[in-house]
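A short write-up of the structure that comes next.
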Amino acid sequence: MSWHRGFAILLVTTLALALPSLSMRAADWPYRAGPYRNNSTTEVVPPWTEPLKAEWQIPLGEGYSSPTVAERKLFIHSKVKGKYEEEVLAFDAETGKQLWRHSYTHKPFESDVGNGPRFSPAIVRGKVYAFGITGILTCLEAETGKPLWQVNPLEKYEAPIMMFGCTAGPLIEGNRLFLPVGKPGSCLVALDTETGTPLWNALNDSPTSVTPALFTPKVAGRGIVRHLIYTSTRGFIGVDPQEGKILWEYPLADNIIGTIPPPTVVGDVFVVSSMLTGTFAVKLEDQEGQLVPKEAWRNPRVTTYFTQNVAGAGGKLYALNATLIPQAEIALSCLDLKDGKEIWKRPKIGLYQLNMIRTGDDKLLMLDDIKGDLILLDTAADEYRELARGKVCNPTIISPALANGRLYTRDDKGTSCYRVGAVK
């Protein structure tokens with residue numbers, strides 16, 4: 001199955017973001033969404049003038065799991081070829097030398113969109129949390145790969161595996177791990193990060209392919225309110241992370257196939273998109289002691305089904321505008337965060353996915369899914385302006401990692417390392 005054909009079937013899934021606590025160095029990339037949980041980093045990537053050359057390349061098994069980097073180690077989650085088995089691998093992030101490997105078997109699972117793990121390893125306080133395609137959650141020692149505990153919450157709560165496997169992975173905050181399971185009464189569960197022991201389970205809702213997000217707005221009359229955003233096919237639900245209590249609900253009834261991207265938290269609002277509704281911002285208000293979500297603005301023309309929006313400098317938001325008929329195509333839209341109005345639009349930027357990273361000097365580093373090109377964008381301009389472009393991998397929908405002056409990509413062949421900035 002070709003890479004693009006495989007993804008065409010994968011339209012009904014959303015590659016989730018890991019949003020754990022910020023315990024890693026800023027130069028690391030310990031979660032799929034980067035050190036700040038919002039696809040941004042302090043790393044600076046200067047424009048390159050020569051073709052980018054890989055420092056090293058490593059073949060890998062099947063999977064949509066993105067690379068993650070912490071404490072000079074690169075972590076990968078893959079399927080073992082020809083077996084119902086997955087492996088977590090650790091490499092030296094500078095040399096590519098393998099440091100350790102941990103593998104485990106799982107129940108038979110077959111899918112037309114690939115059979116490898118979807119979710120990236122999360123590295124938190126010296127531990128690796130890896131979530132497999134059938135719901136196996138493994139905690140390992142990051143330094144050695146020593147197994148600490150392993151559970152399968154889907155089996156415990158008798159939840160079904162979605163047709164494309166488990167894509168919504170754990171969100172880690174403090175000593176709690178929040179995981180969508182998808183069983184009525186236990187759609188969202190909280191586990192102890194040290195043992196995997198259940199702490200609470202909540203929500204009578206539909207299964208989701210989106211990892212929960214943390215939202216900490218300042219609400220007039222309430223002060224600072226910290227909670228989770230659970231995304232399902234019928235909308236968004238605010239949940240108390242301590243007890244699992246529902247705080248508010250925001251319906252999105254037209255999201256019928258569950259392809260909504262994870263929300264993008266920007267200050268006191270969160271921005272979401274869908275194919276049928278467009279892109280809109282939501283804020284919370286206190287009404288007679290109740291938290292009530294209100295729409296701040298909406299742009300119905302910017303329809304997104306897969307990629308999370310990225311907030312840029314100068315009050316800008318970068319969103320992908322998707323078209324499926326008569327053919328798959330995405331455009332990149334730059335919106336004003338104040339009102340959602342479009343500043344500029346670049347058509348035909350990709351087919352399904354354009355991975356975006358905001359760099360430390362407020363540029364936008366992008367990896368396309370047509371050629372596998374890396375693109376550096378000038379975000380100060382009120383138009384689409386490329387500063388550099390170069391091929392770094394095969395066409396891929398898998399997001400890269402940017403850490404310590406190096407970019408790590410993953411495609412259908414494996415993972416590659418490129419030096420793109422000053423090595424720290």
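Within each chain, counting starts at residue 1; across the structure tokens, chains are named A, B, ... in the order shown, with ligands numbered 1 upward in that order.
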Among segment 90-207 of chain A, which ones does DSSP assign to helix (DSSP H, G or I) (computed from the backbone)? Answer as a CSV table (one decimal) with N, CA, C and O atoms, in the first residue's frame.
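The result, written out as states_5.csv:
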```
chain,number,residue,atom,x,y,z
A,153,PRO,N,-5.8,-0.3,29.3
A,153,PRO,CA,-7.0,0.3,29.8
A,153,PRO,C,-8.2,-0.1,29.0
A,153,PRO,O,-9.3,-0.2,29.5
A,154,LEU,N,-8.0,-0.4,27.7
A,154,LEU,CA,-9.1,-0.8,26.8
A,154,LEU,C,-9.7,-2.1,27.3
A,154,LEU,O,-10.9,-2.3,27.3
A,155,GLU,N,-8.8,-3.0,27.6
A,155,GLU,CA,-9.2,-4.3,28.1
A,155,GLU,C,-9.9,-4.2,29.5
A,155,GLU,O,-10.9,-4.8,29.8
A,156,LYS,N,-9.3,-3.4,30.3
A,156,LYS,CA,-9.8,-3.3,31.7
A,156,LYS,C,-11.3,-2.7,31.7
A,156,LYS,O,-12.1,-3.2,32.4
```
Report as JSON lines: every residue of segment 183-245 of chain A with an atom at most 12 Å from segment 112-122 of chain A, its closest pair of atoms, and their distance in Å to one decimal, counting only C-alpha atoms, with rows sorted by chain and ascending residue number.
```
{"residue": "A:Thr193", "atom": "CA", "partner": "A:Ala122", "partner_atom": "CA", "distance": 11.9}
{"residue": "A:Ser209", "atom": "CA", "partner": "A:Arg118", "partner_atom": "CA", "distance": 10.4}
{"residue": "A:Val210", "atom": "CA", "partner": "A:Phe119", "partner_atom": "CA", "distance": 10.7}
{"residue": "A:Thr211", "atom": "CA", "partner": "A:Phe119", "partner_atom": "CA", "distance": 9.7}
```
Restricting the output to all heavy atoms, write the selected residues as a JSON list (two decimals), in the first residue's frame.
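Written out: out_22.json:
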```json
[["chain", "number", "residue", "atom", "x", "y", "z"],
["A", 193, "THR", "N", 0.76, 7.93, 37.26],
["A", 193, "THR", "CA", 1.92, 7.81, 36.38],
["A", 193, "THR", "C", 2.98, 6.85, 36.91],
["A", 193, "THR", "O", 3.79, 6.33, 36.14],
["A", 193, "THR", "CB", 2.58, 9.18, 36.16],
["A", 193, "THR", "OG1", 2.94, 9.74, 37.43],
["A", 193, "THR", "CG2", 1.66, 10.12, 35.43],
["A", 209, "SER", "N", -10.60, 10.08, 18.57],
["A", 209, "SER", "CA", -9.25, 9.86, 18.05],
["A", 209, "SER", "C", -8.35, 11.06, 18.36],
["A", 209, "SER", "O", -7.31, 11.23, 17.76],
["A", 209, "SER", "CB", -9.31, 9.64, 16.53],
["A", 209, "SER", "OG", -9.94, 10.73, 15.89],
["A", 210, "VAL", "N", -8.78, 11.89, 19.33],
["A", 210, "VAL", "CA", -8.05, 13.11, 19.68],
["A", 210, "VAL", "C", -7.60, 13.04, 21.14],
["A", 210, "VAL", "O", -8.41, 12.81, 22.04],
["A", 210, "VAL", "CB", -8.92, 14.37, 19.47],
["A", 210, "VAL", "CG1", -8.13, 15.62, 19.79],
["A", 210, "VAL", "CG2", -9.44, 14.42, 18.04],
["A", 211, "THR", "N", -6.33, 13.28, 21.37],
["A", 211, "THR", "CA", -5.80, 13.33, 22.73],
["A", 211, "THR", "C", -6.35, 14.54, 23.47],
["A", 211, "THR", "O", -6.50, 15.62, 22.88],
["A", 211, "THR", "CB", -4.26, 13.42, 22.68],
["A", 211, "THR", "OG1", -3.75, 12.23, 22.10],
["A", 211, "THR", "CG2", -3.66, 13.59, 24.07]]
```
(message) If we count only C-alpha atoms and set the cut-off at 12 Å, which residues sit around Arg32 of chain A, ignoring sequence neighbours fewer than 6 positions away in its own chain? Please answer as an NGL selection string.
(response) :A and (15-20 or 38-41 or 64-70 or 75-76 or 118-123 or 130 or 168-171 or 211 or 308 or 355-357 or 398-403 or 408-409)
Give me the residues within 8 Å of Leu188 of chain A as a PDB file with N, CA, C and O atoms, in the first residue's frame, counting only C-alpha atoms and dropping any in the same chain fewer than 5 places off.
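Listing of around-v4.pdb after writing:
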```pdb
ATOM      1  N   PHE A 178      -3.834  11.073  31.655  1.00  0.00           N
ATOM      2  CA  PHE A 178      -5.212  11.099  31.163  1.00  0.00           C
ATOM      3  C   PHE A 178      -5.261  10.441  29.789  1.00  0.00           C
ATOM      4  O   PHE A 178      -4.475  10.768  28.905  1.00  0.00           O
ATOM      5  N   LEU A 179      -6.202   9.497  29.631  1.00  0.00           N
ATOM      6  CA  LEU A 179      -6.230   8.700  28.413  1.00  0.00           C
ATOM      7  C   LEU A 179      -7.664   8.482  27.937  1.00  0.00           C
ATOM      8  O   LEU A 179      -8.504   8.012  28.700  1.00  0.00           O
ATOM      9  N   PRO A 180      -7.966   8.802  26.665  1.00  0.00           N
ATOM     10  CA  PRO A 180      -9.278   8.439  26.115  1.00  0.00           C
ATOM     11  C   PRO A 180      -9.357   6.930  25.910  1.00  0.00           C
ATOM     12  O   PRO A 180      -8.466   6.334  25.307  1.00  0.00           O
ATOM     13  N   VAL A 181     -10.421   6.328  26.425  1.00  0.00           N
ATOM     14  CA  VAL A 181     -10.598   4.880  26.312  1.00  0.00           C
ATOM     15  C   VAL A 181     -11.750   4.543  25.373  1.00  0.00           C
ATOM     16  O   VAL A 181     -11.650   3.640  24.547  1.00  0.00           O
ATOM     17  N   GLY A 182     -12.873   5.259  25.508  1.00  0.00           N
ATOM     18  CA  GLY A 182     -13.947   5.075  24.546  1.00  0.00           C
ATOM     19  C   GLY A 182     -15.083   4.176  24.972  1.00  0.00           C
ATOM     20  O   GLY A 182     -15.914   3.786  24.164  1.00  0.00           O
ATOM     21  N   ASN A 201     -12.634   7.463  36.332  1.00  0.00           N
ATOM     22  CA  ASN A 201     -13.120   7.293  34.964  1.00  0.00           C
ATOM     23  C   ASN A 201     -14.396   8.109  34.810  1.00  0.00           C
ATOM     24  O   ASN A 201     -15.163   8.282  35.766  1.00  0.00           O
ATOM     25  N   ALA A 202     -14.613   8.655  33.594  1.00  0.00           N
ATOM     26  CA  ALA A 202     -15.718   9.597  33.422  1.00  0.00           C
ATOM     27  C   ALA A 202     -16.202   9.616  31.978  1.00  0.00           C
ATOM     28  O   ALA A 202     -15.553   9.085  31.071  1.00  0.00           O
ATOM     29  N   LEU A 203     -17.336  10.225  31.772  1.00  0.00           N
ATOM     30  CA  LEU A 203     -17.963  10.587  30.497  1.00  0.00           C
ATOM     31  C   LEU A 203     -18.717   9.442  29.833  1.00  0.00           C
ATOM     32  O   LEU A 203     -18.162   8.380  29.547  1.00  0.00           O
ATOM     33  N   TYR A 230     -11.864  17.479  26.390  1.00  0.00           N
ATOM     34  CA  TYR A 230     -12.087  16.194  25.731  1.00  0.00           C
ATOM     35  C   TYR A 230     -12.834  16.462  24.427  1.00  0.00           C
ATOM     36  O   TYR A 230     -13.871  17.124  24.416  1.00  0.00           O
TER      37      TYR A 230
END
```
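Closest approach to Phe109 of chain A from the set A:Leu140, A:Ala33, A:Ile161, A:Val265 is made by A:Ile161, with distances taken over only C-alpha atoms.
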(message) Run DSSP on the backbone and tell me which residues of segment 360-417 of chain A come out as strand (DSSP E); list them as a ChimeraX atom specification.
(response) /A:364-368,373-377,386-391,401-403,406-410,414-417
Take the residues from that selection and put them in a file with N, CA and C atoms, as a CSV table (one decimal), in the first residue's frame.
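Below is the file that was written, result_20.csv:
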```csv
chain,number,residue,atom,x,y,z
A,364,LEU,N,8.3,29.9,10.6
A,364,LEU,CA,7.5,28.7,10.5
A,364,LEU,C,8.2,27.6,9.7
A,365,LEU,N,8.6,26.5,10.4
A,365,LEU,CA,9.3,25.4,9.7
A,365,LEU,C,8.2,24.4,9.4
A,366,MET,N,8.2,24.0,8.1
A,366,MET,CA,7.1,23.1,7.6
A,366,MET,C,7.6,22.0,6.8
A,367,LEU,N,7.0,20.8,7.0
A,367,LEU,CA,7.3,19.6,6.2
A,367,LEU,C,6.1,19.2,5.4
A,368,ASP,N,6.2,19.1,4.1
A,368,ASP,CA,5.1,18.8,3.3
A,368,ASP,C,5.0,17.3,3.0
A,373,ASP,N,9.5,17.9,1.3
A,373,ASP,CA,10.3,19.1,1.4
A,373,ASP,C,10.2,19.8,2.8
A,374,LEU,N,11.3,20.3,3.2
A,374,LEU,CA,11.3,21.1,4.4
A,374,LEU,C,11.3,22.6,4.0
A,375,ILE,N,10.4,23.4,4.6
A,375,ILE,CA,10.2,24.8,4.1
A,375,ILE,C,10.4,25.7,5.3
A,376,LEU,N,11.1,26.8,5.1
A,376,LEU,CA,11.2,27.8,6.2
A,376,LEU,C,10.5,29.0,5.7
A,377,LEU,N,9.5,29.4,6.5
A,377,LEU,CA,8.6,30.5,6.1
A,377,LEU,C,8.8,31.8,6.9
A,386,GLU,N,8.7,32.2,1.2
A,386,GLU,CA,9.7,31.2,1.6
A,386,GLU,C,11.1,31.8,1.8
A,387,LEU,N,11.8,31.3,2.8
A,387,LEU,CA,13.2,31.7,3.0
A,387,LEU,C,14.1,30.6,2.6
A,388,ALA,N,13.6,29.3,2.6
A,388,ALA,CA,14.5,28.2,2.2
A,388,ALA,C,13.6,27.0,2.0
A,389,ARG,N,14.0,26.1,1.1
A,389,ARG,CA,13.3,24.9,0.8
A,389,ARG,C,14.3,23.8,0.4
A,390,GLY,N,14.0,22.5,0.9
A,390,GLY,CA,14.9,21.4,0.5
A,390,GLY,C,14.3,20.1,0.9
A,391,LYS,N,14.5,19.1,0.1
A,391,LYS,CA,14.0,17.8,0.3
A,391,LYS,C,14.8,17.1,1.4
A,401,ALA,N,10.6,16.0,14.6
A,401,ALA,CA,11.1,16.5,15.9
A,401,ALA,C,12.3,17.5,15.7
A,402,LEU,N,12.3,18.6,16.4
A,402,LEU,CA,13.4,19.6,16.3
A,402,LEU,C,14.0,19.8,17.6
A,403,ALA,N,15.3,19.4,17.8
A,403,ALA,CA,15.9,19.4,19.1
A,403,ALA,C,17.4,19.6,18.9
A,406,ARG,N,19.1,19.8,15.5
A,406,ARG,CA,18.9,18.7,14.6
A,406,ARG,C,17.4,18.5,14.3
A,407,LEU,N,17.1,18.1,13.1
A,407,LEU,CA,15.7,17.8,12.7
A,407,LEU,C,15.6,16.3,12.5
A,408,TYR,N,14.6,15.6,13.0
A,408,TYR,CA,14.4,14.2,12.9
A,408,TYR,C,13.1,13.9,12.2
A,409,THR,N,13.2,13.3,11.0
A,409,THR,CA,12.0,13.0,10.2
A,409,THR,C,11.8,11.5,10.3
A,410,ARG,N,10.5,11.1,9.9
A,410,ARG,CA,10.2,9.7,9.8
A,410,ARG,C,9.3,9.6,8.6
A,414,GLY,N,12.1,4.9,7.3
A,414,GLY,CA,12.7,5.0,8.6
A,414,GLY,C,12.8,6.4,9.1
A,415,THR,N,13.9,6.7,9.9
A,415,THR,CA,14.1,8.0,10.5
A,415,THR,C,15.4,8.5,10.0
A,416,SER,N,15.5,9.9,9.8
A,416,SER,CA,16.7,10.5,9.3
A,416,SER,C,17.0,11.7,10.2
A,417,CYS,N,18.3,12.1,10.3
A,417,CYS,CA,18.7,13.2,11.1
A,417,CYS,C,19.4,14.2,10.2
```
